[in-house]
$ cat coords_21.csv   # CSV, C-alpha atoms
chain,number,residue,atom,x,y,z
W,1,MET,CA,69.4,63.6,115.2
W,2,SER,CA,68.0,60.4,116.5
W,3,VAL,CA,67.0,56.7,116.0
W,4,LEU,CA,63.4,55.8,115.5
W,5,VAL,CA,61.9,52.3,116.1
W,6,LEU,CA,58.4,51.3,114.8
W,7,LEU,CA,56.5,49.3,117.4
W,8,GLU,CA,54.3,46.9,115.5
W,9,GLN,CA,51.1,45.9,117.2
W,10,ARG,CA,48.1,43.7,116.6
W,11,GLY,CA,45.9,44.5,119.6
W,12,GLU,CA,49.0,44.2,121.7
W,13,LEU,CA,52.7,44.7,121.0
W,14,LYS,CA,54.0,41.9,118.8
W,15,PRO,CA,57.2,40.0,119.7
W,16,CYS,CA,58.9,41.5,116.7
W,17,ALA,CA,58.4,45.0,118.2
W,18,PHE,CA,60.7,44.1,121.1
W,19,GLU,CA,63.3,42.6,118.7
W,20,ALA,CA,63.3,45.8,116.6
W,21,ALA,CA,63.6,47.8,119.8
W,22,THR,CA,66.6,45.7,120.8
W,23,ALA,CA,68.3,46.3,117.5
W,24,ALA,CA,67.5,50.1,117.5
W,25,GLY,CA,68.7,50.4,121.0
W,26,LYS,CA,72.1,49.0,120.1
W,27,VAL,CA,72.4,51.3,117.1
W,28,ALA,CA,71.4,54.3,119.2
W,29,ARG,CA,73.9,53.6,121.9
W,30,ALA,CA,76.8,53.0,119.5
W,31,ALA,CA,75.9,56.1,117.5
W,32,GLY,CA,75.4,58.3,120.5
W,33,MET,CA,71.9,59.3,119.4
W,34,PRO,CA,68.7,59.3,121.4
W,35,LEU,CA,66.2,56.5,120.7
W,36,ASN,CA,62.5,57.3,120.1
W,37,ALA,CA,59.6,55.0,119.2
W,38,VAL,CA,56.3,55.3,117.5
W,39,TYR,CA,53.1,53.4,118.4
W,40,LEU,CA,50.0,53.5,116.3
W,41,GLY,CA,46.9,51.7,117.8
W,42,GLN,CA,45.3,51.7,121.2
W,43,GLY,CA,46.0,50.5,124.8
W,44,LEU,CA,49.7,51.5,125.0
W,45,SER,CA,49.2,52.5,128.7
W,46,ASP,CA,48.6,48.9,129.6
W,47,GLN,CA,51.8,47.8,127.9
W,48,LYS,CA,54.1,50.7,128.8
W,49,SER,CA,56.1,48.6,131.3
W,50,LEU,CA,57.0,46.1,128.5
W,51,LEU,CA,59.1,48.9,126.9
W,52,SER,CA,61.5,49.4,129.8
W,53,GLY,CA,65.1,48.5,129.4
W,54,PHE,CA,65.5,49.3,125.7
W,55,GLY,CA,66.8,52.8,126.2
W,56,ILE,CA,63.8,54.4,124.5
W,57,SER,CA,63.5,58.0,125.7
W,58,ARG,CA,60.1,58.8,124.2
W,59,VAL,CA,57.3,56.8,122.7
W,60,PHE,CA,55.1,58.9,120.4
W,61,ALA,CA,51.6,57.3,120.8
W,62,TYR,CA,49.0,57.9,118.2
W,63,GLU,CA,46.0,56.2,119.7
W,64,SER,CA,42.7,55.9,117.8
W,65,THR,CA,40.3,53.1,116.9
W,66,SER,CA,41.0,53.9,113.2
W,67,LEU,CA,44.7,52.9,113.8
W,68,ASN,CA,44.0,49.5,115.4
W,69,HIS,CA,44.6,47.9,112.0
W,70,TYR,CA,47.3,48.7,109.6
W,71,SER,CA,46.5,51.0,106.7
W,72,ASN,CA,49.1,52.3,104.4
W,73,GLU,CA,47.3,55.6,103.9
W,74,THR,CA,47.2,56.3,107.6
W,75,TYR,CA,50.3,54.8,109.0
W,76,VAL,CA,52.8,55.9,106.4
W,77,PRO,CA,52.2,59.7,106.5
W,78,ILE,CA,52.3,59.7,110.3
W,79,ILE,CA,55.6,57.8,110.5
W,80,ALA,CA,57.2,59.8,107.7
W,81,GLU,CA,56.3,63.2,109.3
W,82,LEU,CA,57.4,62.1,112.7
W,83,ALA,CA,60.7,60.9,111.3
W,84,LYS,CA,61.3,64.3,109.7
W,85,GLU,CA,60.3,66.1,113.0
W,86,LEU,CA,62.8,64.0,115.0
W,87,GLU,CA,65.5,64.2,112.3
W,88,ALA,CA,65.7,60.4,112.5
W,89,GLN,CA,68.9,59.2,110.9
W,90,VAL,CA,68.1,55.5,111.3
W,91,ILE,CA,64.6,54.0,111.3
W,92,VAL,CA,64.1,50.3,112.4
W,93,GLY,CA,61.0,48.3,111.7
W,94,SER,CA,60.0,44.6,111.5
W,95,ALA,CA,60.2,42.5,108.3
W,96,SER,CA,56.7,41.1,108.8
W,97,ALA,CA,54.3,41.2,105.9
W,98,LEU,CA,52.9,44.5,107.0
W,99,GLY,CA,56.2,45.8,108.3
W,100,LYS,CA,58.0,45.4,104.9
W,101,GLU,CA,55.2,47.3,103.1
W,102,CYS,CA,55.2,50.1,105.6
W,103,CYS,CA,59.0,50.4,105.6
W,104,ALA,CA,59.1,50.5,101.8
W,105,SER,CA,56.5,53.2,101.7
W,106,VAL,CA,58.0,55.4,104.4
W,107,ALA,CA,61.4,55.1,102.8
W,108,GLY,CA,59.9,56.2,99.5
W,109,ARG,CA,58.4,59.3,101.2
W,110,LEU,CA,61.7,60.2,102.9
W,111,ASP,CA,63.9,59.3,100.0
W,112,ALA,CA,65.7,57.1,102.4
W,113,GLU,CA,68.0,54.1,101.7
W,114,LEU,CA,66.2,50.9,102.7
W,115,ALA,CA,67.6,47.4,103.7
W,116,GLN,CA,64.8,44.9,104.0
W,117,ASP,CA,64.6,41.5,105.8
W,118,CYS,CA,67.9,41.9,107.6
W,119,VAL,CA,69.2,39.4,110.2
W,120,ALA,CA,71.7,41.7,111.9
W,121,VAL,CA,72.0,45.5,112.4
W,122,GLN,CA,74.9,47.5,113.9
W,123,TRP,CA,76.5,50.9,113.9
W,124,ASP,CA,80.2,51.1,113.2
W,125,GLY,CA,80.9,54.6,112.1
W,126,GLY,CA,77.8,54.2,110.0
W,127,LEU,CA,74.9,51.7,109.6
W,128,LYS,CA,75.8,48.2,108.6
W,129,VAL,CA,73.4,45.3,108.1
W,130,GLN,CA,73.5,41.6,107.2
W,131,LYS,CA,70.9,40.1,105.0
W,132,PRO,CA,70.5,36.7,103.2
W,133,ILE,CA,70.9,36.7,99.4
W,134,TYR,CA,70.7,34.1,96.6
W,135,ALA,CA,67.8,32.3,98.2
W,136,GLY,CA,69.5,32.3,101.6
W,137,LYS,CA,72.7,30.6,100.4
W,138,LEU,CA,74.9,33.5,101.3
W,139,LEU,CA,74.8,36.2,104.0
W,140,SER,CA,75.8,39.6,102.6
W,141,GLU,CA,77.2,42.5,104.7
W,142,VAL,CA,75.9,45.8,103.5
W,143,ALA,CA,77.2,49.3,104.5
W,144,VAL,CA,74.3,51.8,104.2
W,145,GLY,CA,76.0,55.0,103.1
W,146,GLY,CA,73.2,57.6,103.2
W,147,VAL,CA,70.9,59.0,105.8
W,148,PRO,CA,68.1,58.7,106.6
W,149,ALA,CA,68.3,55.0,106.4
W,150,MET,CA,65.6,52.4,107.0
W,151,VAL,CA,66.0,48.8,108.1
W,152,SER,CA,63.4,46.0,108.5
W,153,LEU,CA,64.5,43.2,110.8
W,154,ARG,CA,63.5,39.6,110.1
W,155,PRO,CA,61.4,38.2,113.1
W,156,ASN,CA,63.0,35.7,115.4
W,157,VAL,CA,66.6,36.4,114.4
W,158,LEU,CA,67.5,38.6,117.4
W,159,ALA,CA,67.3,37.8,121.1
W,160,VAL,CA,65.4,40.4,123.1
W,161,GLU,CA,67.8,42.2,125.4
W,162,ARG,CA,67.0,44.9,127.9
W,163,GLU,CA,70.4,46.6,128.6
W,164,ALA,CA,69.3,50.1,129.5
W,165,GLU,CA,67.7,51.6,132.6
W,166,GLY,CA,64.4,53.4,133.0
W,167,MET,CA,60.9,53.7,131.5
W,168,PRO,CA,60.2,55.7,128.3
W,169,GLU,CA,58.1,58.9,128.4
W,170,VAL,CA,54.8,58.5,126.5
W,171,VAL,CA,54.0,61.5,124.3
W,172,HIS,CA,50.4,61.4,123.3
W,173,ARG,CA,49.6,62.7,119.8
W,174,GLU,CA,46.3,63.4,118.1
W,175,MET,CA,45.7,61.5,114.9
W,176,PRO,CA,46.3,63.9,112.0
W,177,ASP,CA,43.6,64.5,109.4
W,178,VAL,CA,44.7,62.2,106.7
W,179,PRO,CA,42.7,62.2,103.4
W,180,LEU,CA,41.8,58.6,102.6
W,181,ARG,CA,41.2,57.0,99.2
W,182,ALA,CA,40.3,53.6,100.8
W,183,VAL,CA,38.3,52.9,103.9
W,184,LEU,CA,38.8,49.7,106.0
W,185,LYS,CA,35.3,48.2,106.4
W,186,ASN,CA,35.9,44.8,108.0
W,187,VAL,CA,38.8,42.7,109.4
W,188,VAL,CA,38.6,38.9,109.5
W,189,GLU,CA,40.7,37.7,112.4
W,190,ALA,CA,42.5,34.4,112.5
W,191,ALA,CA,41.0,31.7,114.6
W,192,ALA,CA,41.7,31.9,118.3
W,193,GLY,CA,45.0,30.1,119.2
W,194,THR,CA,46.3,30.4,115.7
W,195,VAL,CA,50.1,31.1,115.7
W,196,ASP,CA,51.4,33.6,113.2
W,197,LEU,CA,53.6,31.7,110.8
W,198,THR,CA,56.4,34.4,110.3
W,199,GLU,CA,56.8,34.9,114.1
W,200,ALA,CA,56.3,31.4,115.4
W,201,LYS,CA,59.1,29.9,117.5
W,202,ILE,CA,58.2,26.4,116.2
W,203,VAL,CA,56.9,25.6,112.7
W,204,VAL,CA,55.7,22.2,111.5
W,205,SER,CA,55.4,22.0,107.7
W,206,GLY,CA,54.0,19.4,105.3
W,207,GLY,CA,54.8,18.8,101.7
W,208,ARG,CA,53.9,16.5,98.9
W,209,GLY,CA,54.6,13.5,101.2
W,210,ILE,CA,51.4,14.1,103.2
W,211,GLY,CA,49.5,12.6,100.2
W,212,GLY,CA,46.5,14.9,100.2
W,213,PRO,CA,44.5,17.4,102.3
W,214,GLU,CA,43.4,14.5,104.6
W,215,GLY,CA,47.0,14.4,106.0
W,216,TRP,CA,46.9,17.9,107.6
W,217,PRO,CA,45.1,16.8,110.9
W,218,VAL,CA,48.1,14.7,111.8
W,219,LEU,CA,50.5,17.7,111.5
W,220,GLN,CA,48.0,20.0,113.2
W,221,GLU,CA,47.9,17.7,116.3
W,222,LEU,CA,51.7,18.1,116.5
W,223,CYS,CA,51.3,21.9,116.1
W,224,ASP,CA,48.7,21.9,119.0
W,225,ALA,CA,51.0,19.9,121.2
W,226,LEU,CA,54.0,22.1,120.6
W,227,GLY,CA,52.3,25.5,120.2
W,228,ALA,CA,53.6,25.6,116.7
W,229,ALA,CA,52.4,27.2,113.4
W,230,LEU,CA,51.4,25.1,110.4
W,231,GLY,CA,53.4,25.6,107.3
W,232,ALA,CA,53.5,24.0,103.8
W,233,SER,CA,55.6,23.6,100.7
W,234,ARG,CA,54.6,25.1,97.4
W,235,ALA,CA,53.8,21.6,96.0
W,236,ALA,CA,51.2,21.1,98.7
W,237,VAL,CA,49.7,24.6,98.1
W,238,ASP,CA,49.7,24.2,94.3
W,239,ALA,CA,47.9,20.9,94.7
W,240,GLY,CA,45.1,22.7,96.5
W,241,TRP,CA,45.6,20.9,99.7
W,242,ILE,CA,46.0,24.0,101.8
W,243,GLU,CA,45.7,27.8,101.5
W,244,HIS,CA,48.7,29.9,100.2
W,245,MET,CA,48.9,31.8,103.6
W,246,HIS,CA,50.7,28.6,104.9
W,247,GLN,CA,53.3,28.5,102.2
W,248,VAL,CA,56.9,28.7,103.2
W,249,GLY,CA,59.6,29.4,100.6
W,250,GLN,CA,60.8,31.8,97.9
W,251,THR,CA,57.3,32.5,96.7
W,252,GLY,CA,55.7,32.2,100.1
W,253,LYS,CA,56.8,33.3,103.6
W,254,VAL,CA,60.2,33.4,105.1
W,255,VAL,CA,60.5,32.0,108.6
W,256,SER,CA,63.3,31.9,111.2
W,257,PRO,CA,61.9,29.8,114.0
W,258,ASP,CA,63.9,28.1,116.8
W,259,LEU,CA,62.6,24.7,115.5
W,260,TYR,CA,61.4,23.8,112.0
W,261,ILE,CA,60.0,20.3,111.4
W,262,ALA,CA,59.7,19.4,107.7
W,263,CYS,CA,57.3,16.5,107.1
W,264,GLY,CA,57.3,14.9,103.7
W,265,ILE,CA,59.2,17.8,102.1
W,266,SER,CA,62.0,16.9,99.7
W,267,GLY,CA,63.9,20.1,100.1
W,268,ALA,CA,63.7,22.0,96.8
W,269,ILE,CA,65.9,25.1,96.8
W,270,GLN,CA,62.8,27.3,96.6
W,271,HIS,CA,61.5,25.9,99.9
W,272,LEU,CA,64.9,26.1,101.6
W,273,ALA,CA,65.0,29.8,100.8
W,274,GLY,CA,62.1,30.3,103.2
W,275,MET,CA,63.4,28.3,106.2
W,276,ARG,CA,67.1,27.6,106.1
W,277,THR,CA,67.8,30.3,108.7
W,278,ALA,CA,65.8,28.3,111.3
W,279,ARG,CA,68.0,27.5,114.3
W,280,THR,CA,67.2,23.8,114.4
W,281,ILE,CA,65.8,21.8,111.4
W,282,VAL,CA,64.3,18.4,111.7
W,283,ALA,CA,63.4,16.5,108.5
W,284,ILE,CA,61.1,13.5,108.3
W,285,ASN,CA,61.0,11.8,104.9
W,286,LYS,CA,60.7,8.2,103.6
W,287,ASP,CA,63.4,8.9,100.9
W,288,PRO,CA,66.9,8.7,102.5
W,289,ASP,CA,68.3,10.6,99.5
W,290,ALA,CA,65.9,13.6,99.9
W,291,PRO,CA,67.9,16.9,99.5
W,292,ILE,CA,66.6,18.3,102.8
W,293,PHE,CA,68.7,15.8,104.7
W,294,LYS,CA,71.8,17.7,103.5
W,295,ILE,CA,70.8,20.8,105.5
W,296,CYS,CA,68.9,19.5,108.4
W,297,ASP,CA,70.3,19.1,112.0
W,298,TYR,CA,68.3,15.9,112.7
W,299,GLY,CA,66.9,13.6,110.0
W,300,ILE,CA,64.4,10.8,110.5
W,301,VAL,CA,64.0,8.3,107.6
W,302,GLY,CA,60.5,7.0,107.9
W,303,ASP,CA,56.8,7.4,107.2
W,304,LEU,CA,55.6,10.7,108.6
W,305,PHE,CA,52.2,9.1,109.5
W,306,HIS,CA,54.1,6.8,111.9
W,307,VAL,CA,56.7,9.2,113.1
W,308,VAL,CA,54.6,12.4,113.7
W,309,PRO,CA,52.0,10.7,116.0
W,310,GLN,CA,54.9,9.4,118.1
W,311,LEU,CA,56.3,13.0,118.4
W,312,THR,CA,52.8,14.3,119.3
W,313,GLU,CA,52.4,11.7,122.0
W,314,GLU,CA,55.8,12.5,123.5
W,315,ALA,CA,55.1,16.3,123.3
W,316,ASN,CA,51.8,15.8,125.1
W,317,LYS,CA,53.5,13.7,127.8
W,318,MET,CA,56.0,16.6,128.4
W,319,GLN,CA,53.2,19.1,128.6
W,320,ALA,CA,51.3,17.0,131.1
W,321,ALA,CA,54.4,16.6,133.2
$ encode --input "coords_21.csv" --output "structure tokens"
Amino acid sequence: MSVLVLLEQRGELKPCAFEAATAAGKVARAAGMPLNAVYLGQGLSDQKSLLSGFGISRVFAYESTSLNHYSNETYVPIIAELAKELEAQVIVGSASALGKECCASVAGRLDAELAQDCVAVQWDGGLKVQKPIYAGKLLSEVAVGGVPAMVSLRPNVLAVEREAEGMPEVVHREMPDVPLRAVLKNVVEAAAGTVDLTEAKIVVSGGRGIGGPEGWPVLQELCDALGAALGASRAAVDAGWIEHMHQVGQTGKVVSPDLYIACGISGAIQHLAGMRTARTIVAINKDPDAPIFKICDYGIVGDLFHVVPQLTEEANKMQAA
């Protein structure tokens, strides 16, 4: 019996992989089970040192150019078969867009219980998780009764901790012959320097208050100064001012950054469902009665086109210093 962690990569190990390894390590130590990891992609040898301190005994590395990019038809069979081989009782992944799909598919193959988008994971005589419900208004505590069990951990909710000694052993595996019904022909990469919204430490979002698509450059300048990702409310997306990939909320992406700056966003419950777990929320709005002021940590009543440039100027000064 063991615990298995899925190490998500996109050319290199993603920050959420280390968060998942931290959570899996705590579960493994509490349960008295060895911790293994699986890596699908290329270039693990250059990143092996980054996996020290989590208590991972072995990393099963399936390295192939065909695994550089996620494919349900290749990733899922490999992970499911490895989990059976290792008798994995608990499998921990990341609740990224790809991670949630992968975890759901693997859980289906293993007939495993699945808890998605969790914010805390522990072992106390059995697997227990915490996850937001009712659009993030409540935090539920769930005891997962059966095994194997799968958990996906929301990015940015857990501090990376290296509490164990030693470097994991890398076990190289050949990619199995998997019959494919679909073939990945081309991948369009995001522009260089673009920060992934779901994993960003800082998010700057705009809503109806930006007035139109011409308002985004003001927010983008602040993003560039802070190293932040650009988000948007559903109202801005529905108006056609920005692509859906930037939408934060119940019908968009769920984010948990250290800092969330909401510009011209009223604070509808659907939007709050996607960002209320941020550690610090700053709201900028001309309407002093905007609902978002009820949940923010810092509120600025004012025109975002006056306030945001001042924040950008100060951020640039701090960077220069």
$ closest_residue --input "coords_21.csv" --among "W:Glu87, W:Glu214, W:Asp117, W:Asp111" --to "Ala20 of chain W" --atoms "all atoms listed in the file"
W:Asp117
$ atom_distance --input "coords_21.csv" --atom1 "atom CA of Ala268 of chain W" --atom2 "atom CA of Ile300 of chain W"
17.7 Å
$ atom_distance --input "coords_21.csv" --atom1 "atom CA of Leu158 of chain W" --atom2 "atom CA of Ser266 of chain W"
28.5 Å
$ closest_residue --input "coords_21.csv" --among "W:Leu180, W:Ile265, W:Ala135, W:Arg154" --to "Thr251 of chain W" --atoms "all atoms listed in the file"
W:Ala135
$ atom_distance --input "coords_21.csv" --atom1 "atom CA of Arg208 of chain W" --atom2 "atom CA of Ile292 of chain W"
13.4 Å
$ closest_atom_pairs --input "coords_21.csv" --of "segment 117-231 of chain W" --to "segment 37-50 of chain W" --cutoff "10 Å" --atoms "only C-alpha atoms" --output "JSON lines"
{"residue": "W:Gly166", "atom": "CA", "partner": "W:Ser49", "partner_atom": "CA", "distance": 9.7}
{"residue": "W:Met167", "atom": "CA", "partner": "W:Ser49", "partner_atom": "CA", "distance": 7.0}
{"residue": "W:Pro168", "atom": "CA", "partner": "W:Lys48", "partner_atom": "CA", "distance": 7.9}
{"residue": "W:Glu169", "atom": "CA", "partner": "W:Lys48", "partner_atom": "CA", "distance": 9.1}
{"residue": "W:Val170", "atom": "CA", "partner": "W:Lys48", "partner_atom": "CA", "distance": 8.2}
{"residue": "W:Val171", "atom": "CA", "partner": "W:Val38", "partner_atom": "CA", "distance": 9.5}
{"residue": "W:His172", "atom": "CA", "partner": "W:Tyr39", "partner_atom": "CA", "distance": 9.8}
{"residue": "W:Arg173", "atom": "CA", "partner": "W:Leu40", "partner_atom": "CA", "distance": 9.9}
{"residue": "W:Met175", "atom": "CA", "partner": "W:Leu40", "partner_atom": "CA", "distance": 9.2}
$ residues_near_point --input "coords_21.csv" --point "(52.0, 56.1, 106.2)" --cutoff "9 Å" --atoms "all atoms listed in the file" --output "VMD selection string"
chain W and resid 71 to 81 102 105 to 106 109
$ closest_residue --input "coords_21.csv" --among "W:Ala200, W:Cys103, W:Ala143, W:Val187" --to "Ser256 of chain W" --atoms "all atoms listed in the file"
W:Ala200
$ closest_residue --input "coords_21.csv" --among "W:Ser94, W:Gln89, W:Gln116, W:Ser66" --to "Pro155 of chain W" --atoms "all atoms listed in the file"
W:Ser94
$ residues_around --input "coords_21.csv" --residues "Asp258 of chain W" --least-positions-apart "3" --cutoff "9 Å" --atoms "only C-alpha atoms" --output "NGL selection string"
:W and (156 or 200-203 or 278-281)
$ residues_around --input "coords_21.csv" --residues "Ala273 of chain W" --least-positions-apart "2" --cutoff "9 Å" --atoms "all atoms listed in the file" --output "number ranges by chain"
W: 134-137, 248-250, 254, 268-271, 275-277
$ residues_near_point --input "coords_21.csv" --point "(68.0, 45.9, 123.9)" --cutoff "7 Å" --atoms "all atoms listed in the file" --output "mmCIF file with C-alpha atoms, in the frame of the given file"
data_model
loop_
_atom_site.group_PDB
_atom_site.id
_atom_site.type_symbol
_atom_site.label_atom_id
_atom_site.label_comp_id
_atom_site.auth_asym_id
_atom_site.auth_seq_id
_atom_site.Cartn_x
_atom_site.Cartn_y
_atom_site.Cartn_z
ATOM 1 C CA ALA W 21 63.600 47.800 119.800
ATOM 2 C CA THR W 22 66.600 45.700 120.800
ATOM 3 C CA ALA W 23 68.300 46.300 117.500
ATOM 4 C CA GLY W 25 68.700 50.400 121.000
ATOM 5 C CA LYS W 26 72.100 49.000 120.100
ATOM 6 C CA GLY W 53 65.100 48.500 129.400
ATOM 7 C CA PHE W 54 65.500 49.300 125.700
ATOM 8 C CA VAL W 160 65.400 40.400 123.100
ATOM 9 C CA GLU W 161 67.800 42.200 125.400
ATOM 10 C CA ARG W 162 67.000 44.900 127.900
ATOM 11 C CA GLU W 163 70.400 46.600 128.600
#
$ closest_residue --input "coords_21.csv" --among "W:Ala28, W:Cys263, W:Val301, W:Ile284" --to "Ser57 of chain W" --atoms "only C-alpha atoms"
W:Ala28
$ decode --input "coords_21.csv" --residues "segment 13-69 of chain W" --atoms "C-alpha atoms" --output "compact mmCIF listing (two decimals), in the first residue's frame"
# COMPACT_ATOMS: atom_id res chain seq x y z
CA LEU W 13 7.41 21.18 -12.97
CA LYS W 14 4.54 23.52 -12.16
CA PRO W 15 4.23 25.15 -8.71
CA CYS W 16 1.07 23.14 -8.08
CA ALA W 17 3.13 19.94 -8.35
CA PHE W 18 5.13 20.92 -5.26
CA GLU W 19 1.93 21.82 -3.39
CA ALA W 20 0.45 18.41 -4.24
CA ALA W 21 3.70 16.74 -3.13
CA THR W 22 3.53 18.61 0.19
CA ALA W 23 -0.04 17.43 0.82
CA ALA W 24 0.72 13.86 -0.27
CA GLY W 25 3.81 13.78 1.95
CA LYS W 26 1.79 14.75 5.02
CA VAL W 27 -0.80 12.06 4.27
CA ALA W 28 1.88 9.41 3.69
CA ARG W 29 3.69 10.16 6.95
CA ALA W 30 0.47 10.19 8.97
CA ALA W 31 -0.73 6.94 7.39
CA GLY W 32 2.65 5.22 7.64
CA MET W 33 2.72 4.49 3.90
CA PRO W 34 5.51 5.13 1.37
CA LEU W 35 5.09 8.05 -1.01
CA ASN W 36 5.63 7.58 -4.74
CA ALA W 37 5.28 10.05 -7.59
CA VAL W 38 4.61 9.86 -11.31
CA TYR W 39 6.03 12.24 -13.91
CA LEU W 40 4.96 12.26 -17.55
CA GLY W 41 6.94 14.47 -19.91
CA GLN W 42 10.63 15.13 -20.50
CA GLY W 43 13.63 16.60 -18.70
CA LEU W 44 13.05 15.26 -15.20
CA SER W 45 16.78 14.75 -14.62
CA ASP W 46 17.30 18.52 -14.76
CA GLN W 47 14.62 19.03 -12.09
CA LYS W 48 15.24 16.07 -9.80
CA SER W 49 16.80 18.22 -7.08
CA LEU W 50 13.54 20.20 -6.81
CA LEU W 51 11.81 17.07 -5.50
CA SER W 52 13.99 16.66 -2.41
CA GLY W 53 12.47 17.09 1.04
CA PHE W 54 8.96 15.85 0.29
CA GLY W 55 9.56 12.28 1.40
CA ILE W 56 9.08 10.84 -2.08
CA SER W 57 10.78 7.44 -2.20
CA ARG W 58 10.46 6.83 -5.97
CA VAL W 59 9.51 8.91 -8.98
CA PHE W 60 8.23 6.83 -11.88
CA ALA W 61 9.28 8.81 -14.94
CA TYR W 62 7.64 8.17 -18.30
CA GLU W 63 9.69 10.40 -20.57
CA SER W 64 8.70 10.81 -24.20
CA THR W 65 8.10 13.68 -26.60
CA SER W 66 4.55 12.40 -27.02
CA LEU W 67 3.96 13.05 -23.30
CA ASN W 68 5.13 16.67 -23.27
CA HIS W 69 1.55 17.84 -23.54
